[in-house]
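> Take a look at the following structure, please.
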Amino acid sequence: MTVSNQTTSGAGKDILLEVRGLKKYFQVKTGLFKSVDLKAVDDVSFSIRKGETLGIVGESGCGKTTLGRTILRLEEPTGGDILYAGESILHRDMNEFRDKMQIVFQDPYASLDPRKTVSDIIGEAMDIRKMYPNKAERRDRILELMELVGLNQQFYNRFPHEFSGGQRQRIGIARSLAAGPSFIVCDEPVSALDVSIQAQIINMLEDLQKEKQLTYLFIAHDLAVVKHISRHVGVMYLGHMVELAESYELYKNPLHPYTQMLLSSIPVANPDLSRSRKRIRLTGEIPSPLSPPSGCPFRNRCPKADGKCAECLPSLEDTGSGHLAACHHL
Amino acid sequence: MGNSNGVMLQVNDLAISFFTKKDEIQAVRGISYELNRGEVLGIVGESGSGKSVSSHAILRLTPDNGVVKSGEILFEGNDILKMDKKQMEKLRGDRISMIFQDPMTALDPLFTVEYQLNESLKKHTDLSKEQRHARMIELLDLVEINQPERRLRQYPHELSGGMRQRIMIAMALSCNPDILIADEPTTALDVTIQAQIIDLLKDLKERLGMAIIFITHDLGVVSDICDKIIVMYAGKVVEEGTSRQIFYEHTHPYTQGLLESVPEVDTPVEQRLKPIPGNPPDMSCLREGCAFAPRCPYAMSICAREDAPLIELDETHAAACWKLLKREEVPAV
């Protein structure tokens with residue numbers, strides 16, 4: 001993924017998805033005739049290479065879910081461009097791309113139709129595209145997908161309410177794989193699951209990626225999970241990408257004060273370590289996206305903020321070796 | 001007050017079941033623990049492990065279709081389960097109070113913060129109106145809310161999630177309780193806010209000397225706040241010990257699995273996660289034997305037939321697993 005020289009050298013061949021200056025503003029009514037823009041995603045750019053994973057982390061309200069949905073044009077972007085395999089998808093009929101670009105949702109309870117059987121949920125995408133007019137073929141393909149995600153084939157005719165959260169998420173993943181995608185947005189796929197099940201799903205996503213050369217945009221608020229699964233990680237704050245680097249590098253050497261703060265607040269299952277660890281005492285909360293601070297969005301919580309931060313927005317710049325950060329104090 | 005050894009709350013062999021039209025769901029199947037004055041006890045388990053149900057029973061908040069089948073909950077020697085309405089009213093909020101996972105649903109959206117804080121002060125204290133107001137400001141200061149005068153006039157929807165949880169904590173602390181039950185108090189919050197709330201609880205514990213029961217599914221959250229930890233699985237205690245014992249000397253395969261399945265920020269990226277295979281059991285049709293056996297890598301033949309008792313490893317550490325006994329000590333089946 002990103003790393004600037006590719007964007008300038010006109011897209012390396014192996015880049016599957018590229019996002020340029022993507023913006024998504026929502027109009028929020030504040031009075032009878034007044035409305036303001038809620039800048040959910042503001043000028044975000046990155047690219048992902050085929051077969052790799054870009055993780056996006058941030059707190060609630062930072063725009064990470066909107067980013068994922070806008071890339072699939074489940075929300076129409078306000079500005080910017082989205083390129084799939086070098087081709088802009090903005091002014092095209094999305095039906096051409098839907099089988100290539102899929103999504104796994106966060107809530108495995110709300111995202112499955114309770115009145116459909118597992119086979120119909122998984123088979124729906126194939127039916128829409130009339131991929132398997134032959135019933136036996138369709139059935140075989142669904143059973144194959146169920147096996148792939150570790151679902152017992154006897155569950156073919158069961159309904160979602162008969163399954164646990166982890167199994168439902170497997171159904172959701174099988175559904176997203178049905179049309180044979182190469183790019184999947186994983187929108188917090190494990191946050192609703194119990195910890196012992198989370199690891200099962202993460203391992204499965206990794207196996208599927210290797211087997212099918214899948215490319216993921218992995219959105220989560222759990223930094224440890226994102227680090228584990230992603231090759232590169234982007235940190236979002238109030239609609240902006242504030243830092244973007246290789247996963248290992250980002251966690252070892254966080255540059256943006258917000259990333260440092262996030263990392264130091266992860267709870268660790270190690271009492272000695274967490275007692276001895278220096279924690280950056282955090283102050284304040286994420287401001288309302290309706291009235292973000294001027295200049296740098298993080299400045300009112302930032303220990304380093306000064307006059308310059310209030311004046312202008314720092315741009316995301318390469319600090320060397322592909323580690324990008326948006327801060328005036330680097 | 002209390003016993004000489006400082007035991008304030010004692011739960012003995014508590015069992016709670018829910019009844020639906022068809023089944024009996026054994027949510028809690030005989031758990032026992034003690035809580036000392038000023039101590040922080042962590043109860044860790046996944047959804048359905050009975051951690052919340054057992055703790056809600058301390059304030060008799062078990063839903064209508066739930067029945068306490070056996071056991072007792074002794075608070076300073078008196079069984080809470082046998083108290084009448086008046087005694088319960090005195091207990092709730094005054095001696096034992098509770099904060100919940102989702103502060104939005106626990107606060108009443110129709111009333112201001114001031115009204116809701118005032119309510120419990122009016123009920124449990126005989127302070128005058130001015131004294132109550134002063135106490136409210138003091139409470140908001142205590143939970144580190146700035147501009148307390150302004151916050152008092154606001155409604156819950158005007159506050160952020162972290163702020164609401166602080167208000168909940170302020171309400172819970174209003175009568176200086178001896179025990180605070182915190183039921184997943186940070187699960188709905190972002191990590192930076194979660195860290196703030198945990199720091200706050202740690203701070204309050206030091207300053208006010210109250211005991212805390214901290215219920216969570218995330219071992220990381222409790223690692224530096226708890227003195228003692230209980231790990232629950234399928235309605236039973238599978239391991240208990242000091243925080244260090246649970247993290248560094250755990251013996252139960254479930255505790256081990258739980259700790260290993262979570263990626264740490266400092267584990268190498270390439271390392272594959274080790275999930276616990278299988279799914280948690282269906283609590284409406286539990287099989288005989290150890291409930292964890294079907295997922296356990298060490299399961300022996302006895303595990304499928306008989307449930308292991310809690311085996312004491314030392315004064316503070318116990319685990320319910322047959323593999324802790326020598327071969328000749330395991331009962332023949």
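Identifiers in the structure tokens: chain A, B, ... in order shown; residue index from 1 per chain; ligand index from 1 in order shown.
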Quick one: residues within 9 Å of region 172-188 of chain B, only C-alpha atoms, excluding same-chain residues fewer than 2 positions away - as a PyMOL selection string?

chain B and resi 8-9+37-38+51-52+55-56+92-103+117+120-121+124-125+135-136+139+161-162+165+167-170+190-191+193-195+197-198+208-218+221

> When you get a sec, could you note down which chain B residues fall within 6 Å of chain A, using only C-alpha atoms, as a list in words?

Glu46, Asp190, Thr192, Ala195, Leu219, Gly220, Val221, Ser223, Asp224, Leu258, Ser261, Pro263, Glu264, Val265, Val269, Leu273, Pro275 and Ile276 of chain B

> Can you list, as a PyMOL selection string, all residues belonging to region 233-275 of chain A that DSSP tags as alpha helix (DSSP H)?

chain A and resi 247-252+257-264+271-275

> Can those selected residues be exported to a file as a CSV table (one decimal), in the first residue's frame so that it contains C-alpha atoms?


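So out.csv came out as:
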chain,number,residue,atom,x,y,z
A,247,SER,CA,2.1,-2.2,11.3
A,248,TYR,CA,5.3,-3.1,13.1
A,249,GLU,CA,6.8,0.4,12.6
A,250,LEU,CA,3.6,2.1,13.8
A,251,TYR,CA,3.4,0.2,17.0
A,252,LYS,CA,7.1,0.4,17.7
A,257,PRO,CA,0.7,12.2,19.7
A,258,TYR,CA,-2.8,10.7,19.2
A,259,THR,CA,-1.3,7.3,18.2
A,260,GLN,CA,1.0,7.5,21.2
A,261,MET,CA,-2.0,8.1,23.4
A,262,LEU,CA,-4.0,5.3,21.9
A,263,LEU,CA,-1.2,2.8,22.2
A,264,SER,CA,-0.6,3.7,25.8
A,271,PRO,CA,-0.3,-6.9,35.7
A,272,ASP,CA,3.4,-6.4,36.2
A,273,LEU,CA,3.8,-4.7,32.8
A,274,SER,CA,0.7,-2.6,33.1
A,275,ARG,CA,1.7,-1.4,36.6

> From the DSSP assignment of the backbone, select every residue of region 222-283 of chain B that is strand (DSSP E), and format the answer as an MDAnalysis selection string.

chainID B and resid 228:233 236:242

> Contacts of Asn78 (chain B) at 10 Å or less, counting only C-alpha atoms, minus same-chain residues fewer than 5 places along, as a list in words?

Leu9, Gln10, Glu72, Ile73 and Met83 of chain B

> Could the residues in this selection be written to a file with all heavy atoms, as an mmCIF file, in the first residue's frame?


data_model
loop_
_atom_site.group_PDB
_atom_site.id
_atom_site.type_symbol
_atom_site.label_atom_id
_atom_site.label_comp_id
_atom_site.auth_asym_id
_atom_site.auth_seq_id
_atom_site.Cartn_x
_atom_site.Cartn_y
_atom_site.Cartn_z
ATOM 1 N N LEU B 9 -18.367 -9.449 52.313
ATOM 2 C CA LEU B 9 -19.406 -10.110 51.534
ATOM 3 C C LEU B 9 -18.976 -11.550 51.305
ATOM 4 O O LEU B 9 -17.834 -11.826 50.947
ATOM 5 C CB LEU B 9 -19.567 -9.399 50.188
ATOM 6 C CG LEU B 9 -20.710 -9.914 49.318
ATOM 7 C CD1 LEU B 9 -22.023 -9.309 49.778
ATOM 8 C CD2 LEU B 9 -20.463 -9.565 47.863
ATOM 9 N N GLN B 10 -19.914 -12.438 51.537
ATOM 10 C CA GLN B 10 -19.590 -13.838 51.370
ATOM 11 C C GLN B 10 -20.689 -14.489 50.555
ATOM 12 O O GLN B 10 -21.850 -14.467 50.946
ATOM 13 C CB GLN B 10 -19.497 -14.479 52.752
ATOM 14 C CG GLN B 10 -18.651 -15.699 52.783
ATOM 15 C CD GLN B 10 -18.504 -16.226 54.203
ATOM 16 O OE1 GLN B 10 -18.909 -15.581 55.174
ATOM 17 N NE2 GLN B 10 -17.937 -17.401 54.320
ATOM 18 N N GLU B 72 -26.475 -18.702 49.677
ATOM 19 C CA GLU B 72 -26.727 -17.505 50.464
ATOM 20 C C GLU B 72 -25.697 -16.445 50.115
ATOM 21 O O GLU B 72 -24.604 -16.746 49.635
ATOM 22 C CB GLU B 72 -26.678 -17.832 51.961
ATOM 23 C CG GLU B 72 -25.441 -18.601 52.370
ATOM 24 C CD GLU B 72 -25.414 -18.948 53.847
ATOM 25 O OE1 GLU B 72 -26.457 -18.852 54.505
ATOM 26 O OE2 GLU B 72 -24.323 -19.299 54.340
ATOM 27 N N ILE B 73 -26.104 -15.194 50.298
ATOM 28 C CA ILE B 73 -25.195 -14.073 50.077
ATOM 29 C C ILE B 73 -25.147 -13.295 51.381
ATOM 30 O O ILE B 73 -26.109 -12.633 51.753
ATOM 31 C CB ILE B 73 -25.701 -13.174 48.933
ATOM 32 C CG1 ILE B 73 -25.825 -13.978 47.631
ATOM 33 C CG2 ILE B 73 -24.772 -11.992 48.733
ATOM 34 C CD1 ILE B 73 -26.509 -13.226 46.513
ATOM 35 N N MET B 83 -33.612 -10.790 53.109
ATOM 36 C CA MET B 83 -33.999 -9.474 53.619
ATOM 37 C C MET B 83 -35.367 -9.048 53.094
ATOM 38 O O MET B 83 -35.752 -9.411 51.985
ATOM 39 C CB MET B 83 -32.963 -8.432 53.192
ATOM 40 C CG MET B 83 -31.674 -8.550 53.969
ATOM 41 S SD MET B 83 -30.539 -7.247 53.501
ATOM 42 C CE MET B 83 -29.121 -7.685 54.496
#

> What is the CA of Phe183 (chain A) to CA of Leu217 (chain A) distance in Å?

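CA of Leu217 (chain A) lies at a distance of 7.8 Å from CA of Phe183 (chain A).
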
> If you count only C-alpha atoms, which residues fall within 8 Å of Gly30 (chain B), apart from same-chain ones fewer than 5 positions away, as a list in words?

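Near Gly30 (chain B), the qualifying residues are Asn12, Asp13, Leu14, Ala15, Ser70, Gly71, Gly235 and Lys236 of chain B.
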
> Would you kindly return, as a list in words, each protein, DNA or RNA residue with an atom no farther than 12 Å from any atom of region 137-140 of chain A, considering only C-alpha atoms and excluding same-chain residues fewer than 4 positions away?

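My reading of the contact set: Val118, Ser119, Asp120, Ile122, Gly123, Glu124, Ala125, Met126, Asp127, Arg129, Lys130, Met131, Tyr132, Pro133, Glu144, Leu145, Met146, Glu147, Gln153, Tyr156, Asn157, Ala178 and Ala179 of chain A.
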
> Which distance in Å separates CA of Glu312 (chain B) and CA of Glu39 (chain B), to one decimal?

20.9 Å

> Identify, on the basis of only C-alpha atoms, every residue whose closest approach to Ala40 (chain A) does not exceed 7 Å; exclude the query and any residue fewer than 6 positions from it along the same chain; express the result as an MDAnalysis selection string.

chainID A and resid 24:25 63 66 239

> Restrict the selected residues to C-alpha atoms and save them as a PDB file, in the first residue's frame.


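again_13.pdb written:
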ATOM      1  CA  LYS A  24     -17.846  12.147   2.747  1.00  0.00           C
ATOM      2  CA  TYR A  25     -19.852  14.966   4.283  1.00  0.00           C
ATOM      3  CA  GLY A  63     -15.128   8.041  10.430  1.00  0.00           C
ATOM      4  CA  THR A  66     -18.039   5.619   6.922  1.00  0.00           C
ATOM      5  CA  GLY A 239     -12.392  12.119   9.755  1.00  0.00           C
TER       6      GLY A 239
END

> Report, in Å to a single decimal, how far apart CA of Val57 (chain A) and CA of Pro303 (chain A) are.

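The value is 21.0 Å.
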